[in-house]
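Chemist: Compact mmCIF, C-alpha atoms and all ligand atoms, file input.txt:
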# COMPACT_ATOMS: atom_id res chain seq x y z
CA MET A 1 24.10 8.52 4.95
CA ARG A 2 25.38 6.30 7.67
CA ASP A 3 29.04 5.60 7.03
CA GLN A 4 31.64 7.01 4.68
CA PRO A 5 29.10 9.36 3.11
CA SER A 6 31.45 10.79 0.51
CA SER A 7 32.67 7.39 -0.67
CA VAL A 8 29.09 6.06 -0.91
CA ALA A 9 28.09 9.16 -2.86
CA GLY A 10 31.19 8.74 -5.09
CA THR A 11 30.38 5.09 -5.82
CA ILE A 12 26.80 5.95 -6.69
CA ARG A 13 27.95 8.78 -8.95
CA LEU A 14 30.36 6.46 -10.73
CA PHE A 15 27.59 3.92 -11.22
CA ASP A 16 25.21 6.60 -12.56
CA LEU A 17 27.85 7.91 -14.96
CA THR A 18 28.66 4.44 -16.25
CA LEU A 19 25.01 3.47 -16.71
CA ALA A 20 24.10 6.80 -18.33
CA SER A 21 27.09 6.56 -20.70
CA LEU A 22 26.19 3.02 -21.73
CA LEU A 23 22.55 3.99 -22.29
CA ALA A 24 23.59 7.12 -24.19
CA ALA A 25 25.86 5.06 -26.46
CA ALA A 26 23.14 2.48 -27.06
CA LEU A 27 20.51 5.15 -27.71
CA ALA A 28 22.70 7.48 -29.80
CA PRO A 29 20.91 6.79 -33.12
CA PHE A 30 17.50 7.28 -31.50
CA TRP A 31 18.66 10.47 -29.78
CA LEU A 32 19.87 11.91 -33.06
CA ALA A 33 16.61 11.07 -34.81
CA ARG A 34 14.62 12.48 -31.88
CA LEU A 35 16.67 15.70 -31.88
CA LEU A 36 16.06 16.14 -35.60
CA ALA A 37 12.34 15.50 -35.09
CA ALA A 38 12.25 18.07 -32.27
CA GLY A 39 14.04 20.69 -34.38
CA TRP A 40 11.86 19.96 -37.40
CA GLN A 41 8.56 20.04 -35.52
CA THR A 42 9.15 22.91 -33.09
CA GLY A 43 12.31 24.77 -34.08
CA ARG A 44 13.70 23.89 -30.62
CA LEU A 45 15.62 20.86 -29.44
CA PHE A 46 14.64 20.71 -25.77
CA GLU A 47 11.96 21.75 -23.28
CA ARG A 48 13.51 22.93 -20.03
CA GLU A 49 11.84 22.56 -16.64
CA PRO A 50 13.50 24.60 -13.86
CA LEU A 51 13.99 22.51 -10.70
CA LEU A 52 16.14 22.36 -7.58
CA GLY A 53 19.02 19.89 -7.32
CA ARG A 54 21.43 18.90 -4.58
CA ASP A 55 21.96 21.69 -2.03
CA ARG A 56 19.03 23.46 -3.72
CA GLN A 57 21.17 24.27 -6.77
CA PRO A 58 18.88 25.21 -9.65
CA PHE A 59 19.02 23.16 -12.86
CA CYS A 60 16.75 22.51 -15.83
CA ARG A 61 15.39 19.02 -16.47
CA LEU A 62 15.51 18.37 -20.20
CA ALA A 63 12.89 16.75 -22.36
CA PHE A 64 13.05 16.52 -26.16
CA ALA A 65 10.76 19.16 -27.67
CA GLY A 66 7.71 18.17 -29.67
CA PRO A 67 5.04 15.53 -29.26
CA ALA A 68 6.94 12.50 -30.65
CA ALA A 69 7.63 9.52 -28.37
CA GLY A 70 10.65 9.32 -26.08
CA ARG A 71 10.54 12.93 -24.77
CA GLY A 72 11.72 11.90 -21.33
CA LEU A 73 14.85 10.12 -22.54
CA ALA A 74 16.66 13.46 -22.73
CA VAL A 75 16.92 13.21 -18.94
CA LEU A 76 20.06 11.13 -19.50
CA PHE A 77 21.83 14.45 -20.26
CA ASN A 78 20.92 15.58 -16.74
CA VAL A 79 22.36 12.41 -15.26
CA LEU A 80 25.57 12.77 -17.31
CA ARG A 81 25.89 16.39 -16.20
CA GLY A 82 25.33 15.45 -12.56
CA ASP A 83 22.06 17.37 -12.06
CA LEU A 84 20.25 14.13 -11.31
CA ALA A 85 21.02 10.65 -10.04
CA PHE A 86 19.06 7.67 -11.29
CA ALA A 87 17.71 7.03 -7.78
CA GLY A 88 16.88 9.80 -5.30
CA PRO A 89 14.12 12.00 -3.92
CA ARG A 90 11.84 13.53 -6.55
CA PRO A 91 13.25 16.83 -7.89
CA LEU A 92 11.08 19.77 -6.82
CA THR A 93 10.33 23.19 -8.25
CA ALA A 94 11.34 26.21 -6.15
CA ALA A 95 7.66 26.77 -5.28
CA GLN A 96 7.23 23.17 -4.09
CA ALA A 97 10.42 23.41 -2.03
CA GLU A 98 9.13 26.55 -0.27
CA SER A 99 6.28 24.75 1.38
CA LEU A 100 8.39 21.84 2.66
CA PRO A 101 8.50 21.11 6.39
CA LEU A 102 11.85 21.73 8.08
CA GLU A 103 12.57 18.01 8.53
CA ALA A 104 12.48 17.57 4.74
CA GLU A 105 15.70 19.56 4.27
CA ARG A 106 17.73 16.35 4.40
CA ARG A 107 16.46 15.43 0.92
CA PHE A 108 18.63 18.19 -0.54
CA SER A 109 21.82 16.57 0.79
CA VAL A 110 21.77 14.17 -2.18
CA ARG A 111 21.10 14.49 -5.90
CA PRO A 112 17.42 14.19 -6.77
CA GLY A 113 16.54 11.10 -8.77
CA VAL A 114 14.99 10.14 -12.08
CA PHE A 115 13.29 7.43 -9.99
CA SER A 116 12.11 8.30 -6.48
CA PRO A 117 11.24 5.95 -3.61
CA TYR A 118 7.95 7.74 -2.96
CA GLN A 119 6.91 7.57 -6.60
CA LEU A 120 7.60 3.83 -6.56
CA GLN A 121 5.36 3.31 -3.54
CA ARG A 122 2.64 5.38 -5.19
CA GLN A 123 2.80 3.21 -8.27
CA THR A 124 2.00 0.10 -6.26
CA GLY A 125 -0.45 1.97 -4.02
CA ILE A 126 1.50 1.57 -0.76
CA ALA A 127 2.60 5.20 -0.27
CA HIS A 128 1.00 5.43 3.17
CA ASP A 129 3.75 7.51 4.82
CA SER A 130 4.49 11.09 3.83
CA GLU A 131 6.97 11.79 1.05
CA THR A 132 9.24 13.45 3.62
CA GLN A 133 9.37 10.26 5.71
CA VAL A 134 9.98 8.02 2.70
CA ASP A 135 12.73 10.31 1.36
CA ARG A 136 14.40 10.55 4.75
CA ALA A 137 14.51 6.77 5.13
CA PHE A 138 16.04 6.52 1.64
CA VAL A 139 18.67 9.20 2.25
CA GLU A 140 19.64 7.80 5.66
CA ARG A 141 20.19 4.31 4.25
CA MET A 142 21.64 5.43 0.95
CA SER A 143 23.85 2.78 -0.69
CA LEU A 144 24.71 1.59 -4.16
CA ARG A 145 22.65 -1.54 -3.58
CA GLY A 146 19.67 0.55 -2.48
CA SER A 147 19.93 2.73 -5.58
CA VAL A 148 20.21 -0.21 -7.98
CA GLY A 149 17.28 -1.89 -6.23
CA LEU A 150 15.15 1.25 -6.53
CA ILE A 151 15.91 1.59 -10.25
CA ALA A 152 15.09 -2.08 -10.92
CA ARG A 153 11.87 -1.98 -8.89
CA SER A 154 10.77 1.29 -10.49
CA LEU A 155 11.25 -0.14 -13.98
CA LEU A 156 9.34 -3.28 -13.02
CA ALA A 157 6.53 -1.36 -11.32
CA GLY A 158 6.34 0.92 -14.38
CA LEU A 159 5.89 -2.11 -16.62
CA LEU A 160 3.26 -3.67 -14.35
CA GLY A 161 1.53 -0.49 -13.27
CA GLY A 162 1.06 1.44 -16.49
CA SER A 163 -0.25 4.98 -16.44
CA GLU A 164 -2.35 6.41 -13.63
CA ARG A 165 -6.09 6.50 -14.22
CA PRO A 166 -8.75 8.61 -12.50
CA ALA A 167 -9.86 6.97 -9.25
CA PRO A 168 -13.67 6.98 -8.74
CA PRO A 169 -14.84 7.15 -5.10
CA ARG A 170 -16.37 3.65 -5.34
CA LEU A 171 -15.31 0.46 -7.04
CA ASP A 172 -17.41 -2.54 -7.83
CA PHE A 173 -16.04 -6.06 -8.16
CA PHE A 174 -18.63 -8.80 -8.68
CA GLY A 175 -21.32 -6.74 -6.95
CA VAL A 176 -19.14 -5.94 -3.89
CA PRO A 177 -18.96 -2.17 -3.38
CA ILE A 178 -15.46 -1.03 -2.34
CA VAL A 179 -14.49 2.41 -1.04
CA ASN A 180 -11.62 3.75 -3.15
CA THR A 181 -9.75 5.80 -0.59
CA THR A 182 -6.41 6.56 1.02
CA MET A 183 -4.91 5.16 4.20
CA ASP A 184 -5.22 8.50 6.01
CA GLU A 185 -8.88 8.91 5.14
CA ALA A 186 -9.62 5.32 6.17
CA LEU A 187 -7.96 5.96 9.56
CA ASP A 188 -9.88 9.21 10.04
CA TRP A 189 -13.09 7.32 9.35
CA ILE A 190 -12.31 4.61 11.92
CA VAL A 191 -11.28 7.11 14.58
CA ALA A 192 -14.39 9.24 13.98
CA ARG A 193 -16.64 6.16 14.20
CA ALA A 194 -14.91 4.79 17.26
CA SER A 195 -14.82 7.98 19.29
CA PRO A 196 -17.53 8.16 21.95
CA ALA A 197 -19.14 11.35 20.59
CA SER A 198 -19.99 9.87 17.21
CA ALA A 199 -20.94 6.45 18.59
CA GLU A 200 -24.14 7.98 19.91
CA ARG A 201 -25.09 8.74 16.34
CA ALA A 202 -24.04 5.41 14.84
CA THR A 203 -26.75 2.79 14.89
CA GLY A 204 -24.23 0.05 15.62
CA GLY A 205 -25.64 -3.27 14.60
CA GLN A 206 -29.27 -2.47 15.15
CA GLY A 207 -30.56 -2.66 11.61
CA GLU A 208 -30.21 -5.34 8.98
CA ALA A 209 -27.20 -3.60 7.45
CA ASN A 210 -24.04 -3.99 9.50
CA SER A 211 -23.13 -0.36 9.96
CA SER A 212 -20.19 -1.09 12.28
CA LEU A 213 -18.45 -3.60 10.05
CA LEU A 214 -15.25 -2.77 8.22
CA ALA A 215 -13.94 -5.43 5.85
CA PHE A 216 -10.84 -5.72 3.69
CA VAL A 217 -11.00 -7.64 0.44
CA ASN A 218 -8.23 -9.08 -1.69
CA PRO A 219 -8.68 -11.19 -4.84
CA ASP A 220 -9.10 -14.33 -2.71
CA CYS A 221 -11.95 -12.72 -0.73
CA LEU A 222 -13.60 -11.56 -3.94
CA ASN A 223 -13.31 -15.05 -5.40
CA ILE A 224 -15.09 -16.35 -2.30
CA ALA A 225 -17.73 -13.61 -2.54
CA TYR A 226 -18.31 -14.58 -6.18
CA THR A 227 -19.87 -17.89 -5.17
CA HIS A 228 -20.63 -17.47 -1.44
CA ASP A 229 -23.94 -15.60 -1.29
CA ALA A 230 -24.02 -15.08 2.48
CA TYR A 231 -20.51 -13.61 2.56
CA ARG A 232 -21.26 -11.37 -0.44
CA ALA A 233 -24.44 -10.13 1.28
CA VAL A 234 -22.47 -9.31 4.45
CA LEU A 235 -19.95 -7.31 2.39
CA GLN A 236 -22.78 -5.51 0.62
CA GLY A 237 -24.27 -4.54 3.97
CA ALA A 238 -20.96 -3.55 5.60
CA ALA A 239 -20.26 0.02 6.57
CA ARG A 240 -17.11 -0.06 4.47
CA VAL A 241 -15.15 -2.50 2.35
CA LEU A 242 -11.53 -1.54 1.65
CA PRO A 243 -9.23 -2.72 -1.16
CA ASP A 244 -6.33 -4.96 -0.19
CA GLY A 245 -3.51 -5.92 -2.50
CA ILE A 246 -1.93 -5.51 -5.90
CA GLY A 247 -4.57 -7.81 -7.43
CA LEU A 248 -7.17 -5.09 -7.00
CA LYS A 249 -4.86 -2.57 -8.62
CA ILE A 250 -4.52 -4.82 -11.67
CA GLY A 251 -8.27 -5.50 -11.57
CA CYS A 252 -8.96 -1.75 -11.56
CA ARG A 253 -6.70 -1.33 -14.55
CA MET A 254 -8.67 -3.97 -16.42
CA LEU A 255 -11.90 -2.10 -15.60
CA GLY A 256 -10.35 1.15 -16.84
CA VAL A 257 -10.26 2.89 -13.45
CA GLY A 258 -7.54 3.80 -10.94
CA LEU A 259 -7.02 2.47 -7.41
CA ALA A 260 -6.41 5.36 -4.97
CA ALA A 261 -4.35 3.19 -2.59
CA ASN A 262 -3.84 -0.35 -1.39
CA VAL A 263 -5.54 0.10 1.99
CA ASN A 264 -4.78 -3.31 3.48
CA GLY A 265 -5.23 -4.25 7.13
CA THR A 266 -1.59 -5.13 7.67
CA ASP A 267 -0.36 -1.65 6.74
CA LEU A 268 -3.29 -0.03 8.50
CA PHE A 269 -2.86 -1.78 11.86
CA PRO A 270 0.29 -0.04 13.22
CA ARG A 271 -1.08 3.32 12.08
CA LEU A 272 -4.38 2.52 13.77
CA CYS A 273 -2.55 1.62 17.00
CA GLU A 274 -0.75 4.96 16.87
CA ARG A 275 -3.98 6.89 16.37
CA ALA A 276 -5.88 4.82 18.97
CA ALA A 277 -3.12 5.45 21.54
CA ARG A 278 -3.29 9.17 20.84
CA GLU A 279 -7.10 9.33 21.03
CA GLY A 280 -7.47 6.91 23.95
CA LEU A 281 -9.56 4.42 21.95
CA ALA A 282 -9.30 0.91 23.37
CA LEU A 283 -8.87 -2.18 21.15
CA PHE A 284 -10.00 -5.76 21.66
CA LEU A 285 -8.07 -8.47 19.78
CA LEU A 286 -10.08 -11.61 19.03
CA GLY A 287 -8.70 -14.54 17.06
CA ALA A 288 -5.61 -16.51 16.02
CA ARG A 289 -3.98 -19.32 17.98
CA PRO A 290 -3.71 -19.20 21.78
CA GLY A 291 -1.01 -16.79 22.91
CA VAL A 292 -0.79 -14.93 19.59
CA ALA A 293 -3.17 -12.04 20.38
CA GLU A 294 -1.42 -11.57 23.78
CA GLN A 295 1.89 -11.26 21.98
CA VAL A 296 0.44 -8.73 19.52
CA ALA A 297 -0.92 -6.69 22.44
CA GLU A 298 2.48 -6.71 24.13
CA ASN A 299 4.36 -5.76 20.95
CA MET A 300 2.00 -2.95 20.04
CA ARG A 301 1.89 -1.53 23.59
CA ARG A 302 5.67 -1.40 23.53
CA ARG A 303 5.72 0.30 20.13
CA HIS A 304 2.88 2.73 20.92
CA PRO A 305 3.03 3.75 24.57
CA GLY A 306 -0.42 4.64 25.85
CA LEU A 307 -2.18 2.11 23.62
CA ILE A 308 -5.03 0.43 25.47
CA VAL A 309 -5.68 -3.19 24.54
CA ALA A 310 -8.74 -3.80 26.67
CA GLY A 311 -8.82 -7.55 26.10
CA VAL A 312 -7.61 -10.48 24.02
CA GLN A 313 -9.10 -13.86 23.17
CA HIS A 314 -7.85 -16.63 20.87
CA GLY A 315 -9.99 -17.83 18.01
CA TYR A 316 -10.36 -21.51 18.86
CA PHE A 317 -13.40 -21.52 21.14
CA ASP A 318 -16.67 -23.44 20.81
CA ALA A 319 -20.23 -22.16 20.57
CA ALA A 320 -20.84 -22.70 24.29
CA GLU A 321 -18.18 -20.09 25.16
CA GLU A 322 -19.47 -17.50 22.72
CA ALA A 323 -21.86 -15.66 25.05
CA ALA A 324 -19.18 -15.23 27.72
CA ILE A 325 -16.67 -13.97 25.15
CA ILE A 326 -19.13 -11.43 23.75
CA GLY A 327 -19.84 -10.35 27.33
CA ARG A 328 -16.11 -9.82 27.90
CA ILE A 329 -15.77 -7.80 24.69
CA ASN A 330 -18.68 -5.55 25.62
CA GLY A 331 -17.56 -5.22 29.22
CA SER A 332 -14.02 -4.27 28.22
CA GLY A 333 -15.05 -0.85 26.93
CA ALA A 334 -13.21 -1.52 23.64
CA ARG A 335 -14.13 0.89 20.87
CA ILE A 336 -12.51 -1.12 18.09
CA LEU A 337 -12.86 -4.89 17.80
CA LEU A 338 -10.42 -6.73 15.52
CA VAL A 339 -11.43 -10.25 14.59
CA ALA A 340 -8.88 -12.63 13.05
CA PHE A 341 -10.60 -15.90 12.12
CA GLY A 342 -9.83 -15.77 8.40
CA VAL A 343 -12.23 -15.03 5.53
CA PRO A 344 -15.21 -15.48 5.40
CA ARG A 345 -15.61 -16.81 8.94
CA GLN A 346 -14.73 -13.55 10.66
CA GLU A 347 -17.18 -11.45 8.62
CA LEU A 348 -19.97 -14.02 9.00
CA TRP A 349 -19.35 -14.19 12.75
CA LEU A 350 -19.44 -10.40 13.06
CA ALA A 351 -22.65 -10.27 11.04
CA GLN A 352 -24.25 -13.05 13.08
CA HIS A 353 -23.52 -11.28 16.37
CA ARG A 354 -23.92 -7.69 15.18
CA LYS A 355 -26.85 -6.97 17.49
CA ARG A 356 -25.08 -8.22 20.60
CA LEU A 357 -21.67 -6.68 20.02
CA GLN A 358 -21.12 -3.15 21.29
CA PRO A 359 -17.78 -1.80 19.98
CA PRO A 360 -18.74 0.83 17.38
CA VAL A 361 -16.05 -0.35 14.94
CA ARG A 362 -15.57 -4.06 14.18
CA MET A 363 -13.20 -5.30 11.58
CA GLY A 364 -12.13 -8.62 10.10
CA VAL A 365 -8.34 -8.76 9.83
CA GLY A 366 -7.44 -12.29 8.67
CA GLY A 367 -3.90 -13.39 9.39
CA LEU A 368 -2.85 -9.99 10.77
CA PHE A 369 -2.14 -11.15 14.34
CA ASP A 370 0.23 -13.81 13.03
CA PHE A 371 2.35 -11.05 11.44
CA TYR A 372 2.37 -8.66 14.38
CA SER A 373 3.05 -11.37 16.96
CA GLY A 374 6.15 -12.23 14.94
CA ARG A 375 4.82 -15.77 14.35
CA ILE A 376 4.97 -15.31 10.56
CA PRO A 377 7.42 -12.72 9.18
CA ARG A 378 5.93 -10.24 6.74
CA ALA A 379 7.35 -9.80 3.22
CA PRO A 380 10.21 -7.27 3.04
CA LEU A 381 9.35 -3.78 1.73
CA TRP A 382 11.18 -4.29 -1.58
CA LEU A 383 8.88 -7.20 -2.46
CA ARG A 384 5.79 -5.26 -1.42
CA GLU A 385 6.94 -2.33 -3.56
CA ILE A 386 6.73 -4.44 -6.69
CA GLY A 387 3.43 -6.00 -5.69
CA LEU A 388 4.80 -9.46 -4.90
CA GLU A 389 3.88 -9.88 -1.22
CA TRP A 390 1.73 -12.84 -2.28
CA VAL A 391 4.80 -14.68 -3.60
CA TRP A 392 6.31 -14.39 -0.11
CA ARG A 393 3.18 -15.81 1.51
CA LEU A 394 3.09 -18.61 -1.03
CA ALA A 395 6.73 -19.48 -0.27
CA GLN A 396 6.02 -19.51 3.48
CA GLU A 397 2.96 -21.73 3.46
CA PRO A 398 2.89 -23.41 0.02
CA GLY A 399 0.65 -26.26 1.18
CA ARG A 400 -2.10 -23.87 2.29
CA MET A 401 -1.57 -21.02 -0.17
CA TRP A 402 -0.99 -22.61 -3.58
CA ARG A 403 -4.69 -22.88 -4.34
CA ARG A 404 -5.35 -19.31 -3.20
CA TYR A 405 -2.64 -17.76 -5.37
CA LEU A 406 -1.79 -20.09 -8.25
CA ILE A 407 -5.42 -20.85 -9.07
CA GLY A 408 -7.12 -17.92 -7.32
CA ASN A 409 -5.16 -15.09 -8.93
CA PRO A 410 -5.75 -16.14 -12.56
CA LEU A 411 -9.36 -16.98 -11.72
CA PHE A 412 -9.86 -13.52 -10.24
CA LEU A 413 -8.35 -11.86 -13.32
CA TYR A 414 -10.54 -13.99 -15.60
CA ARG A 415 -13.65 -12.97 -13.65
CA VAL A 416 -12.65 -9.30 -13.78
CA TRP A 417 -12.11 -9.67 -17.52
CA LEU A 418 -15.66 -11.05 -17.81
CA GLN A 419 -16.98 -8.13 -15.78
CA ALA A 420 -15.05 -5.61 -17.92
CA ARG A 421 -16.48 -7.19 -21.09
CA LYS A 422 -19.99 -7.02 -19.67
CA GLU A 423 -19.55 -3.37 -18.60
CA LYS A 424 -18.32 -2.48 -22.08
CA ALA A 425 -21.22 -4.24 -23.73
N1 LIG B 501 -8.18 -18.76 13.00
C1 LIG B 501 -8.88 -18.68 14.20
N2 LIG B 501 -9.86 -19.59 14.45
C2 LIG B 501 -10.19 -20.57 13.57
C3 LIG B 501 -9.49 -20.63 12.33
C4 LIG B 501 -8.50 -19.69 12.08
O1 LIG B 501 -8.62 -17.82 15.01
O2 LIG B 501 -11.08 -21.36 13.85
C5 LIG B 501 -7.11 -17.79 12.74
C6 LIG B 501 -5.78 -18.39 12.36
O3 LIG B 501 -5.05 -18.78 13.51
C7 LIG B 501 -5.13 -17.23 11.63
C8 LIG B 501 -6.33 -16.51 11.03
O4 LIG B 501 -7.47 -17.01 11.66
O5 LIG B 501 -4.49 -16.39 12.54
C9 LIG B 501 -6.51 -16.75 9.53
O6 LIG B 501 -5.37 -16.51 8.87
P1 LIG B 501 -5.29 -16.49 7.29
O7 LIG B 501 -3.88 -16.27 6.95
O8 LIG B 501 -6.01 -17.64 6.70
O9 LIG B 501 -6.16 -15.20 7.02
P2 LIG B 501 -6.43 -14.44 5.68
O10 LIG B 501 -5.59 -15.08 4.65
O11 LIG B 501 -7.90 -14.63 5.49
O12 LIG B 501 -6.04 -13.05 5.95
As a first step, turn the structure in this file into structure tokens.
Ligand code: UDP

Modeler:
Amino acid sequence: MRDQPSSVAGTIRLFDLTLASLLAAALAPFWLARLLAAGWQTGRLFEREPLLGRDRQPFCRLAFAGPAAGRGLAVLFNVLRGDLAFAGPRPLTAAQAESLPLEAERRFSVRPGVFSPYQLQRQTGIAHDSETQVDRAFVERMSLRGSVGLIARSLLAGLLGGSERPAPPRLDFFGVPIVNTTMDEALDWIVARASPASAERATGGQGEANSSLLAFVNPDCLNIAYTHDAYRAVLQGAARVLPDGIGLKIGCRMLGVGLAANVNGTDLFPRLCERAAREGLALFLLGARPGVAEQVAENMRRRHPGLIVAGVQHGYFDAAEEAAIIGRINGSGARILLVAFGVPRQELWLAQHRKRLQPPVRMGVGGLFDFYSGRIPRAPLWLREIGLEWVWRLAQEPGRMWRRYLIGNPLFLYRVWLQARKEKA
């Protein structure tokens, strides 16, 4: 906690006590009925789960005994007693706490929470950092506002997200095969493909299939693929298509499957820069307005010392310049080519030139350079945590985005509904 730690902790405790008391008063009749049901069905009132609290003090999390609904509501007793806060790092068992890295110890300086920041990010599929990192950021910035925000967002995400479903390794939306994976695995895949040793094995763009192409798809892309045969064929032949955005999470739910993670290009890019800097893999940035890619290169070099950006080129060139640009890309020694022309132009361009391009990994990244140059600010984390980044983009560029989101999102959901109905039949 940054300033006045004890007074911040005191304010949060007062808030928790007030909220828990109000909820307990409102739920008193239900609690009584649930206690009677527990006693009647099992001869016990509570199940007790031994966990570690603040300063590693042991406590038991309570749940009403028996199978009836509302088991978890007994946790209000824990909040009233001070074992738990409403918002805080996830409470751990002694065995889980044993295997924690040293830097995770900070999480025990506050009460564990009924709602945890990491669990929230998992619900919306954006838990790309480790739980230790997410908890540390929460504890360091702990405030009443932060706690209230986390509770509200967790409740909202719970309503929108529903229960977790098994995540199959592949997803299919409208005939586009999507790899259902995590951010870390996606990064490992890129690094393995881009490193010189494995490039010998990769066939690059020699065959008909585009085995160097990595694409990200959000509902807008899938709407385009629905009617655009050439774009859909490129995605079907790509080495990998990754799921981008909350729309795919909702789509998965409608198809009765789980999304492993929201592996979007914008969250992947800084992590990719970090890995590329470490492994010495050079990037080439192609696309966006003049000056934007240069700015991205400068920003990312500053943030990730050692990062090699072997070349940049804006995306407003004509066909006559194409050969020279491809020559520059190949001559730069870049292992990873990022192309930001927007969908589907970037994927079609990469497919068209697949045989001439040499970087072993080539990816279409849409408006990514605009974010990392600082030209367009990205949605704040709290909006992303409840799956509303698209509302931010709509507010920023309503003239361009209204069709994509206000018509595109419902259209996507309708098409997924049709697909789900067909799969069932
Ligand atoms: N762009 C480009 N050349 C063009 C048209 C667009 O380089 O001929 C760039 C544009 O400047 C922007 C990106 O392509 O940086 C497309 O951004 P958008 O937000 O539309 O991408 P998406 O929504 O597909 O991620």

Chemist: Identify, counting only C-alpha atoms and all ligand atoms, the protein, DNA and RNA residues located within 8 Å of ligand LIG 501 (chain B), and give them as a PDB file with C-alpha atoms, in the coordinates of the input.

Modeler:
ATOM      1  CA  CYS A 221     -11.950 -12.720  -0.730  1.00  0.00           C
ATOM      2  CA  LEU A 286     -10.080 -11.610  19.030  1.00  0.00           C
ATOM      3  CA  GLY A 287      -8.700 -14.540  17.060  1.00  0.00           C
ATOM      4  CA  ALA A 288      -5.610 -16.510  16.020  1.00  0.00           C
ATOM      5  CA  ARG A 289      -3.980 -19.320  17.980  1.00  0.00           C
ATOM      6  CA  HIS A 314      -7.850 -16.630  20.870  1.00  0.00           C
ATOM      7  CA  GLY A 315      -9.990 -17.830  18.010  1.00  0.00           C
ATOM      8  CA  TYR A 316     -10.360 -21.510  18.860  1.00  0.00           C
ATOM      9  CA  PHE A 317     -13.400 -21.520  21.140  1.00  0.00           C
ATOM     10  CA  ALA A 340      -8.880 -12.630  13.050  1.00  0.00           C
ATOM     11  CA  PHE A 341     -10.600 -15.900  12.120  1.00  0.00           C
ATOM     12  CA  GLY A 342      -9.830 -15.770   8.400  1.00  0.00           C
ATOM     13  CA  VAL A 343     -12.230 -15.030   5.530  1.00  0.00           C
ATOM     14  CA  PRO A 344     -15.210 -15.480   5.400  1.00  0.00           C
ATOM     15  CA  ARG A 345     -15.610 -16.810   8.940  1.00  0.00           C
ATOM     16  CA  VAL A 365      -8.340  -8.760   9.830  1.00  0.00           C
ATOM     17  CA  GLY A 366      -7.440 -12.290   8.670  1.00  0.00           C
ATOM     18  CA  GLY A 367      -3.900 -13.390   9.390  1.00  0.00           C
ATOM     19  CA  LEU A 368      -2.850  -9.990  10.770  1.00  0.00           C
ATOM     20  CA  PHE A 369      -2.140 -11.150  14.340  1.00  0.00           C
ATOM     21  CA  ASP A 370       0.230 -13.810  13.030  1.00  0.00           C
TER      22      ASP A 370
END

Chemist: Go through A:Ile224, A:Trp40, A:Ser195, A:Arg81 one by one, measure the shortest atom-to-atom distance of each to Leu411 in chain A using all atoms listed in the file, and give the residue with the smallest value.

Modeler: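 Closest residue, counting all atoms listed in the file: A:Ile224.
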
Chemist: Which is closer to His228 in chain A than all the others in A:Ile151, A:Val176, A:Leu350, A:Leu27, using only C-alpha atoms?

Modeler: A:Val176

Chemist: Just the residues within 12 Å of Lys249 in chain A, please, counting all atoms listed in the file, with nothing from its chain fewer than 5 positions along; format it as JSON, numbers by chain.

Modeler: {"A": [122, 123, 124, 125, 126, 157, 160, 161, 162, 163, 164, 165, 167, 171, 173, 180, 218, 219, 243, 244, 254, 255, 256, 257, 258, 259, 260, 261, 262, 263, 386, 387, 413, 416]}

Chemist: How about saving the chosen residues, C-alpha atoms kept, as an mmCIF file, in the coordinates of the input?

Modeler:
data_model
loop_
_atom_site.group_PDB
_atom_site.id
_atom_site.type_symbol
_atom_site.label_atom_id
_atom_site.label_comp_id
_atom_site.auth_asym_id
_atom_site.auth_seq_id
_atom_site.Cartn_x
_atom_site.Cartn_y
_atom_site.Cartn_z
ATOM 1 C CA ARG A 122 2.640 5.380 -5.190
ATOM 2 C CA GLN A 123 2.800 3.210 -8.270
ATOM 3 C CA THR A 124 2.000 0.100 -6.260
ATOM 4 C CA GLY A 125 -0.450 1.970 -4.020
ATOM 5 C CA ILE A 126 1.500 1.570 -0.760
ATOM 6 C CA ALA A 157 6.530 -1.360 -11.320
ATOM 7 C CA LEU A 160 3.260 -3.670 -14.350
ATOM 8 C CA GLY A 161 1.530 -0.490 -13.270
ATOM 9 C CA GLY A 162 1.060 1.440 -16.490
ATOM 10 C CA SER A 163 -0.250 4.980 -16.440
ATOM 11 C CA GLU A 164 -2.350 6.410 -13.630
ATOM 12 C CA ARG A 165 -6.090 6.500 -14.220
ATOM 13 C CA ALA A 167 -9.860 6.970 -9.250
ATOM 14 C CA LEU A 171 -15.310 0.460 -7.040
ATOM 15 C CA PHE A 173 -16.040 -6.060 -8.160
ATOM 16 C CA ASN A 180 -11.620 3.750 -3.150
ATOM 17 C CA ASN A 218 -8.230 -9.080 -1.690
ATOM 18 C CA PRO A 219 -8.680 -11.190 -4.840
ATOM 19 C CA PRO A 243 -9.230 -2.720 -1.160
ATOM 20 C CA ASP A 244 -6.330 -4.960 -0.190
ATOM 21 C CA MET A 254 -8.670 -3.970 -16.420
ATOM 22 C CA LEU A 255 -11.900 -2.100 -15.600
ATOM 23 C CA GLY A 256 -10.350 1.150 -16.840
ATOM 24 C CA VAL A 257 -10.260 2.890 -13.450
ATOM 25 C CA GLY A 258 -7.540 3.800 -10.940
ATOM 26 C CA LEU A 259 -7.020 2.470 -7.410
ATOM 27 C CA ALA A 260 -6.410 5.360 -4.970
ATOM 28 C CA ALA A 261 -4.350 3.190 -2.590
ATOM 29 C CA ASN A 262 -3.840 -0.350 -1.390
ATOM 30 C CA VAL A 263 -5.540 0.100 1.990
ATOM 31 C CA ILE A 386 6.730 -4.440 -6.690
ATOM 32 C CA GLY A 387 3.430 -6.000 -5.690
ATOM 33 C CA LEU A 413 -8.350 -11.860 -13.320
ATOM 34 C CA VAL A 416 -12.650 -9.300 -13.780
#
